[in-house]
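Source file input_2.txt; content: compact mmCIF, N, CA and C atoms.
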```
# COMPACT_ATOMS: atom_id res chain seq x y z
N MET A 1132 -11.34 47.85 12.02
CA MET A 1132 -10.48 47.54 10.90
C MET A 1132 -11.35 47.30 9.66
N ALA A 1133 -10.95 47.86 8.55
CA ALA A 1133 -11.69 47.73 7.30
C ALA A 1133 -11.15 46.54 6.49
N VAL A 1134 -11.96 46.07 5.55
CA VAL A 1134 -11.57 44.93 4.72
C VAL A 1134 -11.71 45.30 3.25
N MET A 1135 -10.69 44.93 2.45
CA MET A 1135 -10.70 45.11 1.01
C MET A 1135 -10.82 43.72 0.38
N TYR A 1136 -11.84 43.54 -0.46
CA TYR A 1136 -12.08 42.27 -1.13
C TYR A 1136 -11.66 42.42 -2.59
N ILE A 1137 -10.77 41.57 -3.04
CA ILE A 1137 -10.23 41.63 -4.39
C ILE A 1137 -10.51 40.29 -5.07
N THR A 1138 -11.14 40.34 -6.24
CA THR A 1138 -11.38 39.14 -7.03
C THR A 1138 -10.66 39.33 -8.35
N GLU A 1139 -9.79 38.38 -8.69
CA GLU A 1139 -8.95 38.50 -9.88
C GLU A 1139 -9.50 37.66 -11.03
N TYR A 1140 -9.49 38.27 -12.23
CA TYR A 1140 -10.01 37.60 -13.43
C TYR A 1140 -9.01 37.70 -14.57
N ALA A 1141 -9.05 36.70 -15.46
CA ALA A 1141 -8.20 36.69 -16.65
C ALA A 1141 -8.96 37.19 -17.87
N THR A 1142 -10.25 36.85 -17.96
CA THR A 1142 -11.01 37.19 -19.16
C THR A 1142 -12.43 37.60 -18.82
N ALA A 1143 -13.06 38.25 -19.81
CA ALA A 1143 -14.47 38.60 -19.73
C ALA A 1143 -15.20 37.87 -20.84
N ILE A 1144 -16.49 37.64 -20.65
CA ILE A 1144 -17.30 37.03 -21.69
C ILE A 1144 -18.41 38.01 -22.06
N GLY A 1145 -18.96 37.83 -23.23
CA GLY A 1145 -20.02 38.71 -23.70
C GLY A 1145 -19.54 39.51 -24.88
N SER A 1146 -20.45 40.29 -25.43
CA SER A 1146 -20.09 41.14 -26.56
C SER A 1146 -20.90 42.42 -26.48
N GLY A 1147 -20.49 43.41 -27.23
CA GLY A 1147 -21.19 44.68 -27.22
C GLY A 1147 -21.13 45.34 -25.86
N ALA A 1148 -22.25 45.87 -25.40
CA ALA A 1148 -22.30 46.61 -24.14
C ALA A 1148 -22.22 45.71 -22.91
N LEU A 1149 -22.59 44.44 -23.06
CA LEU A 1149 -22.59 43.54 -21.91
C LEU A 1149 -21.35 42.67 -21.90
N GLN A 1150 -20.50 42.90 -20.92
CA GLN A 1150 -19.35 42.03 -20.70
C GLN A 1150 -19.28 41.77 -19.21
N VAL A 1151 -19.07 40.52 -18.85
CA VAL A 1151 -19.01 40.13 -17.44
C VAL A 1151 -17.78 39.27 -17.21
N PRO A 1152 -17.28 39.23 -15.97
CA PRO A 1152 -16.11 38.41 -15.68
C PRO A 1152 -16.40 36.93 -15.92
N GLN A 1153 -15.40 36.24 -16.40
CA GLN A 1153 -15.49 34.80 -16.59
C GLN A 1153 -15.24 34.13 -15.25
N GLU A 1154 -16.25 33.45 -14.71
CA GLU A 1154 -16.13 32.73 -13.44
C GLU A 1154 -15.67 31.30 -13.71
N PRO A 1155 -15.00 30.64 -12.83
CA PRO A 1155 -14.57 31.12 -11.52
C PRO A 1155 -13.37 32.05 -11.65
N PRO A 1156 -13.14 32.86 -10.63
CA PRO A 1156 -12.00 33.78 -10.66
C PRO A 1156 -10.68 33.02 -10.53
N LEU A 1157 -9.61 33.69 -10.91
CA LEU A 1157 -8.27 33.12 -10.75
C LEU A 1157 -7.86 33.07 -9.28
N ALA A 1158 -8.21 34.13 -8.56
CA ALA A 1158 -7.80 34.23 -7.16
C ALA A 1158 -8.72 35.21 -6.44
N VAL A 1159 -8.80 35.07 -5.13
CA VAL A 1159 -9.57 35.98 -4.29
C VAL A 1159 -8.67 36.38 -3.12
N GLN A 1160 -8.63 37.66 -2.82
CA GLN A 1160 -7.85 38.14 -1.68
C GLN A 1160 -8.76 38.91 -0.74
N LYS A 1161 -8.49 38.79 0.54
CA LYS A 1161 -9.19 39.55 1.58
C LYS A 1161 -8.10 40.21 2.41
N VAL A 1162 -8.05 41.55 2.35
CA VAL A 1162 -6.97 42.29 2.99
C VAL A 1162 -7.57 43.24 4.02
N THR A 1163 -7.15 43.14 5.28
CA THR A 1163 -7.60 44.09 6.30
C THR A 1163 -6.66 45.29 6.29
N PHE A 1164 -7.23 46.48 6.53
CA PHE A 1164 -6.40 47.68 6.49
C PHE A 1164 -6.98 48.77 7.37
N THR A 1165 -6.14 49.65 7.85
CA THR A 1165 -6.49 50.94 8.43
C THR A 1165 -5.48 51.94 7.87
N THR A 1166 -4.21 51.69 8.12
CA THR A 1166 -3.17 52.48 7.46
C THR A 1166 -2.90 51.83 6.11
N THR A 1167 -2.08 52.44 5.28
CA THR A 1167 -1.87 51.92 3.94
C THR A 1167 -1.35 50.48 3.98
N THR A 1168 -2.12 49.58 3.39
CA THR A 1168 -1.82 48.16 3.38
C THR A 1168 -2.00 47.64 1.96
N ALA A 1169 -1.01 46.92 1.46
CA ALA A 1169 -1.04 46.42 0.09
C ALA A 1169 -1.49 44.97 0.03
N SER A 1170 -2.09 44.63 -1.09
CA SER A 1170 -2.47 43.24 -1.36
C SER A 1170 -1.22 42.44 -1.72
N ALA A 1171 -1.40 41.16 -1.89
CA ALA A 1171 -0.35 40.34 -2.49
C ALA A 1171 -0.32 40.66 -3.98
N ALA A 1172 0.76 40.33 -4.66
CA ALA A 1172 0.85 40.55 -6.10
C ALA A 1172 -0.25 39.77 -6.80
N PHE A 1173 -0.83 40.37 -7.84
CA PHE A 1173 -1.87 39.69 -8.60
C PHE A 1173 -1.28 38.50 -9.34
N HIS A 1174 -2.12 37.51 -9.57
CA HIS A 1174 -1.76 36.29 -10.31
C HIS A 1174 -1.18 36.67 -11.67
N ALA A 1175 -0.28 35.87 -12.17
CA ALA A 1175 0.38 36.15 -13.45
C ALA A 1175 -0.59 36.28 -14.62
N ASP A 1176 -1.76 35.64 -14.55
CA ASP A 1176 -2.74 35.71 -15.64
C ASP A 1176 -3.85 36.74 -15.41
N THR A 1177 -3.81 37.46 -14.30
CA THR A 1177 -4.84 38.44 -14.00
C THR A 1177 -4.71 39.66 -14.92
N THR A 1178 -5.84 40.05 -15.54
CA THR A 1178 -5.85 41.24 -16.38
C THR A 1178 -6.80 42.30 -15.82
N PHE A 1179 -7.78 41.89 -15.00
CA PHE A 1179 -8.64 42.85 -14.33
C PHE A 1179 -9.17 42.27 -13.04
N ILE A 1180 -9.60 43.17 -12.15
CA ILE A 1180 -10.09 42.76 -10.84
C ILE A 1180 -11.42 43.45 -10.54
N SER A 1181 -12.17 42.84 -9.62
CA SER A 1181 -13.26 43.56 -8.98
C SER A 1181 -12.77 43.90 -7.58
N LEU A 1182 -13.17 45.08 -7.12
CA LEU A 1182 -12.67 45.60 -5.86
C LEU A 1182 -13.85 46.10 -5.04
N GLN A 1183 -13.89 45.70 -3.76
CA GLN A 1183 -14.93 46.17 -2.85
C GLN A 1183 -14.29 46.41 -1.48
N LEU A 1184 -14.57 47.56 -0.88
CA LEU A 1184 -14.14 47.88 0.47
C LEU A 1184 -15.37 47.93 1.35
N ASP A 1185 -15.28 47.41 2.57
CA ASP A 1185 -16.44 47.46 3.46
C ASP A 1185 -16.52 48.77 4.25
N ALA A 1186 -15.55 49.66 4.03
CA ALA A 1186 -15.55 51.00 4.60
C ALA A 1186 -14.98 51.94 3.55
N THR A 1187 -15.40 53.19 3.56
CA THR A 1187 -14.85 54.13 2.59
C THR A 1187 -13.36 54.28 2.80
N GLY A 1188 -12.62 54.25 1.70
CA GLY A 1188 -11.17 54.36 1.77
C GLY A 1188 -10.61 54.93 0.48
N HIS A 1189 -9.31 54.94 0.39
CA HIS A 1189 -8.60 55.40 -0.80
C HIS A 1189 -7.73 54.25 -1.28
N VAL A 1190 -7.65 54.07 -2.62
CA VAL A 1190 -6.89 52.96 -3.19
C VAL A 1190 -5.88 53.47 -4.19
N HIS A 1191 -4.79 52.71 -4.31
CA HIS A 1191 -3.73 53.04 -5.26
C HIS A 1191 -3.17 51.75 -5.84
N PHE A 1192 -3.00 51.72 -7.17
CA PHE A 1192 -2.46 50.55 -7.88
C PHE A 1192 -1.03 50.84 -8.31
N ASP A 1193 -0.13 49.86 -8.12
CA ASP A 1193 1.27 50.00 -8.54
C ASP A 1193 1.99 48.70 -8.19
N ASN A 1194 3.27 48.63 -8.54
CA ASN A 1194 4.07 47.46 -8.13
C ASN A 1194 4.38 47.53 -6.63
N VAL A 1195 4.58 48.73 -6.12
CA VAL A 1195 4.77 48.96 -4.68
C VAL A 1195 3.83 50.10 -4.30
N PRO A 1196 2.52 49.80 -4.17
CA PRO A 1196 1.54 50.87 -3.96
C PRO A 1196 1.54 51.41 -2.54
N VAL A 1197 1.36 52.71 -2.45
CA VAL A 1197 1.19 53.38 -1.16
C VAL A 1197 -0.05 54.28 -1.30
N ALA A 1198 -1.12 53.91 -0.65
CA ALA A 1198 -2.35 54.70 -0.70
C ALA A 1198 -2.26 55.84 0.30
N THR A 1199 -2.73 57.01 -0.13
CA THR A 1199 -2.78 58.17 0.75
C THR A 1199 -4.17 58.78 0.67
N THR A 1200 -4.55 59.48 1.71
CA THR A 1200 -5.87 60.14 1.71
C THR A 1200 -5.85 61.41 0.88
N SER A 1201 -4.68 61.92 0.54
CA SER A 1201 -4.62 63.18 -0.20
C SER A 1201 -4.54 63.00 -1.71
N THR A 1202 -3.96 61.89 -2.20
CA THR A 1202 -3.77 61.76 -3.65
C THR A 1202 -4.33 60.47 -4.25
N SER A 1203 -4.73 59.52 -3.46
CA SER A 1203 -5.24 58.26 -4.00
C SER A 1203 -6.73 58.33 -4.25
N ARG A 1204 -7.19 57.53 -5.21
CA ARG A 1204 -8.61 57.49 -5.61
C ARG A 1204 -9.49 57.08 -4.44
N LYS A 1205 -10.57 57.82 -4.21
CA LYS A 1205 -11.51 57.49 -3.13
C LYS A 1205 -12.45 56.38 -3.60
N HIS A 1206 -12.69 55.43 -2.73
CA HIS A 1206 -13.58 54.30 -3.04
C HIS A 1206 -14.64 54.25 -1.95
N ILE A 1207 -15.89 54.37 -2.34
CA ILE A 1207 -17.00 54.41 -1.39
C ILE A 1207 -17.30 53.01 -0.86
N ALA A 1208 -17.64 52.90 0.40
CA ALA A 1208 -17.92 51.62 1.06
C ALA A 1208 -19.00 50.84 0.33
N ASP A 1209 -18.80 49.53 0.27
CA ASP A 1209 -19.79 48.57 -0.24
C ASP A 1209 -20.18 48.77 -1.70
N THR A 1210 -19.30 49.39 -2.48
CA THR A 1210 -19.51 49.47 -3.92
C THR A 1210 -18.48 48.56 -4.59
N VAL A 1211 -18.84 48.02 -5.73
CA VAL A 1211 -17.92 47.16 -6.48
C VAL A 1211 -17.47 47.93 -7.71
N SER A 1212 -16.17 47.93 -7.94
CA SER A 1212 -15.63 48.56 -9.14
C SER A 1212 -14.70 47.56 -9.82
N PHE A 1213 -14.56 47.73 -11.13
CA PHE A 1213 -13.69 46.85 -11.91
C PHE A 1213 -12.53 47.68 -12.44
N HIS A 1214 -11.33 47.08 -12.43
CA HIS A 1214 -10.12 47.78 -12.83
C HIS A 1214 -9.24 46.86 -13.67
N GLY A 1215 -8.77 47.37 -14.79
CA GLY A 1215 -7.73 46.66 -15.54
C GLY A 1215 -6.42 46.84 -14.80
N VAL A 1216 -5.66 45.77 -14.66
CA VAL A 1216 -4.42 45.84 -13.89
C VAL A 1216 -3.27 45.19 -14.65
N LEU A 1217 -2.07 45.57 -14.28
CA LEU A 1217 -0.89 44.94 -14.83
C LEU A 1217 -0.59 43.66 -14.06
N ARG A 1218 -0.19 42.66 -14.76
CA ARG A 1218 0.13 41.38 -14.11
C ARG A 1218 1.23 41.59 -13.08
N GLY A 1219 1.04 40.99 -11.91
CA GLY A 1219 2.05 41.08 -10.86
C GLY A 1219 1.99 42.35 -10.03
N SER A 1220 1.13 43.32 -10.41
CA SER A 1220 1.02 44.54 -9.61
C SER A 1220 0.16 44.28 -8.37
N LYS A 1221 -0.06 45.32 -7.57
CA LYS A 1221 -0.81 45.20 -6.32
C LYS A 1221 -1.73 46.40 -6.18
N VAL A 1222 -2.62 46.34 -5.20
CA VAL A 1222 -3.44 47.48 -4.83
C VAL A 1222 -3.29 47.69 -3.31
N ALA A 1223 -3.22 48.95 -2.92
CA ALA A 1223 -3.14 49.29 -1.49
C ALA A 1223 -4.36 50.13 -1.14
N ALA A 1224 -4.77 50.06 0.12
CA ALA A 1224 -5.91 50.84 0.60
C ALA A 1224 -5.57 51.45 1.96
N ILE A 1225 -6.23 52.58 2.22
CA ILE A 1225 -6.13 53.26 3.51
C ILE A 1225 -7.53 53.78 3.84
N THR A 1226 -7.91 53.79 5.11
CA THR A 1226 -9.24 54.29 5.46
C THR A 1226 -9.32 55.79 5.21
N ALA A 1227 -10.52 56.25 4.87
CA ALA A 1227 -10.73 57.68 4.54
C ALA A 1227 -10.71 58.52 5.79
```
Encoded form using structure tokens:
Amino acid sequence: MAVMYITEYATAIGSGALQVPQEPPLAVQKVTFTTTTASAAFHADTTFISLQLDATGHVHFDNVPVATTSTSRKHIADTVSFHGVLRGSKVAAITA
């Protein structure tokens, strides 16, 4: 079973080319998945997230997300990516 790690943030600090998430995060989610599995809805103040999967998978963002291996964005194992998100939306993942 694979794990998706989601860290939710409200703001970034810094200026110019360097901007980093403002710690501590608003919320942290750990979601296990093999077939398409969605996270809980993001916190009302969340504007962006960091996302890491411990196995290569595909991810999809929406209010009712359904990740598929044919149309969803591929996410390589053990890489961290940052995504702007809509408040209250979710992310789903499925193994590659």
Using only C-alpha atoms, pick whichever of A:Ser1170, A:Thr1210, A:Thr1165, A:Thr1177 has the shortest atom-to-atom distance to His1191 of chain A.
->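 Smallest separation from His1191 of chain A among the options: A:Ser1170.
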Taking (-8.7, 43.5, -12.9) in the file's own coordinates, collect the residues within 5 Å, counting all atoms listed in the file, and hand them back as a VMD selection string.
-> chain A and resid 1178 to 1181 1214 to 1216
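Taking atom C of Thr1138 of chain A as the reference point, atom N of Ser1203 of chain A is found at 21.6 Å.
Each of A:Arg1218, A:Phe1164, A:Val1211, A:Ala1227 was checked against Tyr1140 of chain A using only C-alpha atoms; the smallest atom-to-atom distance is that of A:Arg1218.
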Leaving out Leu1184 of chain A and any residue of its chain fewer than 6 positions from it, which residues lie within 6 Å of it when counting only C-alpha atoms, given as a short mmCIF file (atom, residue, chain, number, x, y, z; two decimals) with N, CA and C atoms, keeping the file's coordinate frame?
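Produced file around.cif, reproduced below:
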```cif
data_model
loop_
_atom_site.label_atom_id
_atom_site.label_comp_id
_atom_site.auth_asym_id
_atom_site.auth_seq_id
_atom_site.Cartn_x
_atom_site.Cartn_y
_atom_site.Cartn_z
N VAL A 1134 -11.96 46.07 5.55
CA VAL A 1134 -11.57 44.93 4.72
C VAL A 1134 -11.71 45.30 3.25
N MET A 1135 -10.69 44.93 2.45
CA MET A 1135 -10.70 45.11 1.01
C MET A 1135 -10.82 43.72 0.38
N ALA A 1208 -17.64 52.90 0.40
CA ALA A 1208 -17.92 51.62 1.06
C ALA A 1208 -19.00 50.84 0.33
N ASP A 1209 -18.80 49.53 0.27
CA ASP A 1209 -19.79 48.57 -0.24
C ASP A 1209 -20.18 48.77 -1.70
#
```
Using DSSP on the backbone coordinates, identify the residues of segment 1143-1201 of chain A assigned to strand (DSSP E or B); present them as a PyMOL selection string.
-> chain A and resi 1143-1146+1149-1152+1158-1164+1168-1169+1179-1184+1188-1193
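Within 6.5 Å of Gly1188 of chain A, once all atoms listed in the file are used and residues closer than 2 positions along the same chain are dropped, the contacting residues are Ala1186, Val1190, Arg1204, Lys1205, His1206, Ile1207, Ala1208, Ala1224, Ile1225, Thr1226 and Ala1227 of chain A.
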For atom C of Ala1175 of chain A and atom N of Val1159 of chain A, quote the distance in Å rounded to one decimal.
->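 Separating atom C of Ala1175 of chain A from atom N of Val1159 of chain A is a distance of 12.6 Å.
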Edge lengths and centre in Å to one decimal, as JSON, is what I'm after for the box along x, y and z that holds all listed atoms of segment 1176-1183 of chain A once 8 Å is added on each side.
```
{"center_x": -8.3, "center_y": 41.0, "center_z": -8.9, "size_x": 29.2, "size_y": 26.8, "size_z": 30.9}
```
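Put simply, atom CA of Asp1176 of chain A is 5.6 Å away from atom CA of Ala1141 of chain A.
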Distance criterion (only C-alpha atoms): nearest to Thr1202 of chain A out of A:His1189, A:Pro1152, A:Lys1161, A:Ala1171 =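 Ranked by minimum distance to Thr1202 of chain A, first place goes to A:His1189.
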Using only C-alpha atoms, which of A:Thr1168, A:Ser1146, A:Gln1160, A:Gln1153 sits nearest Met1132 of chain A?
-> A:Thr1168
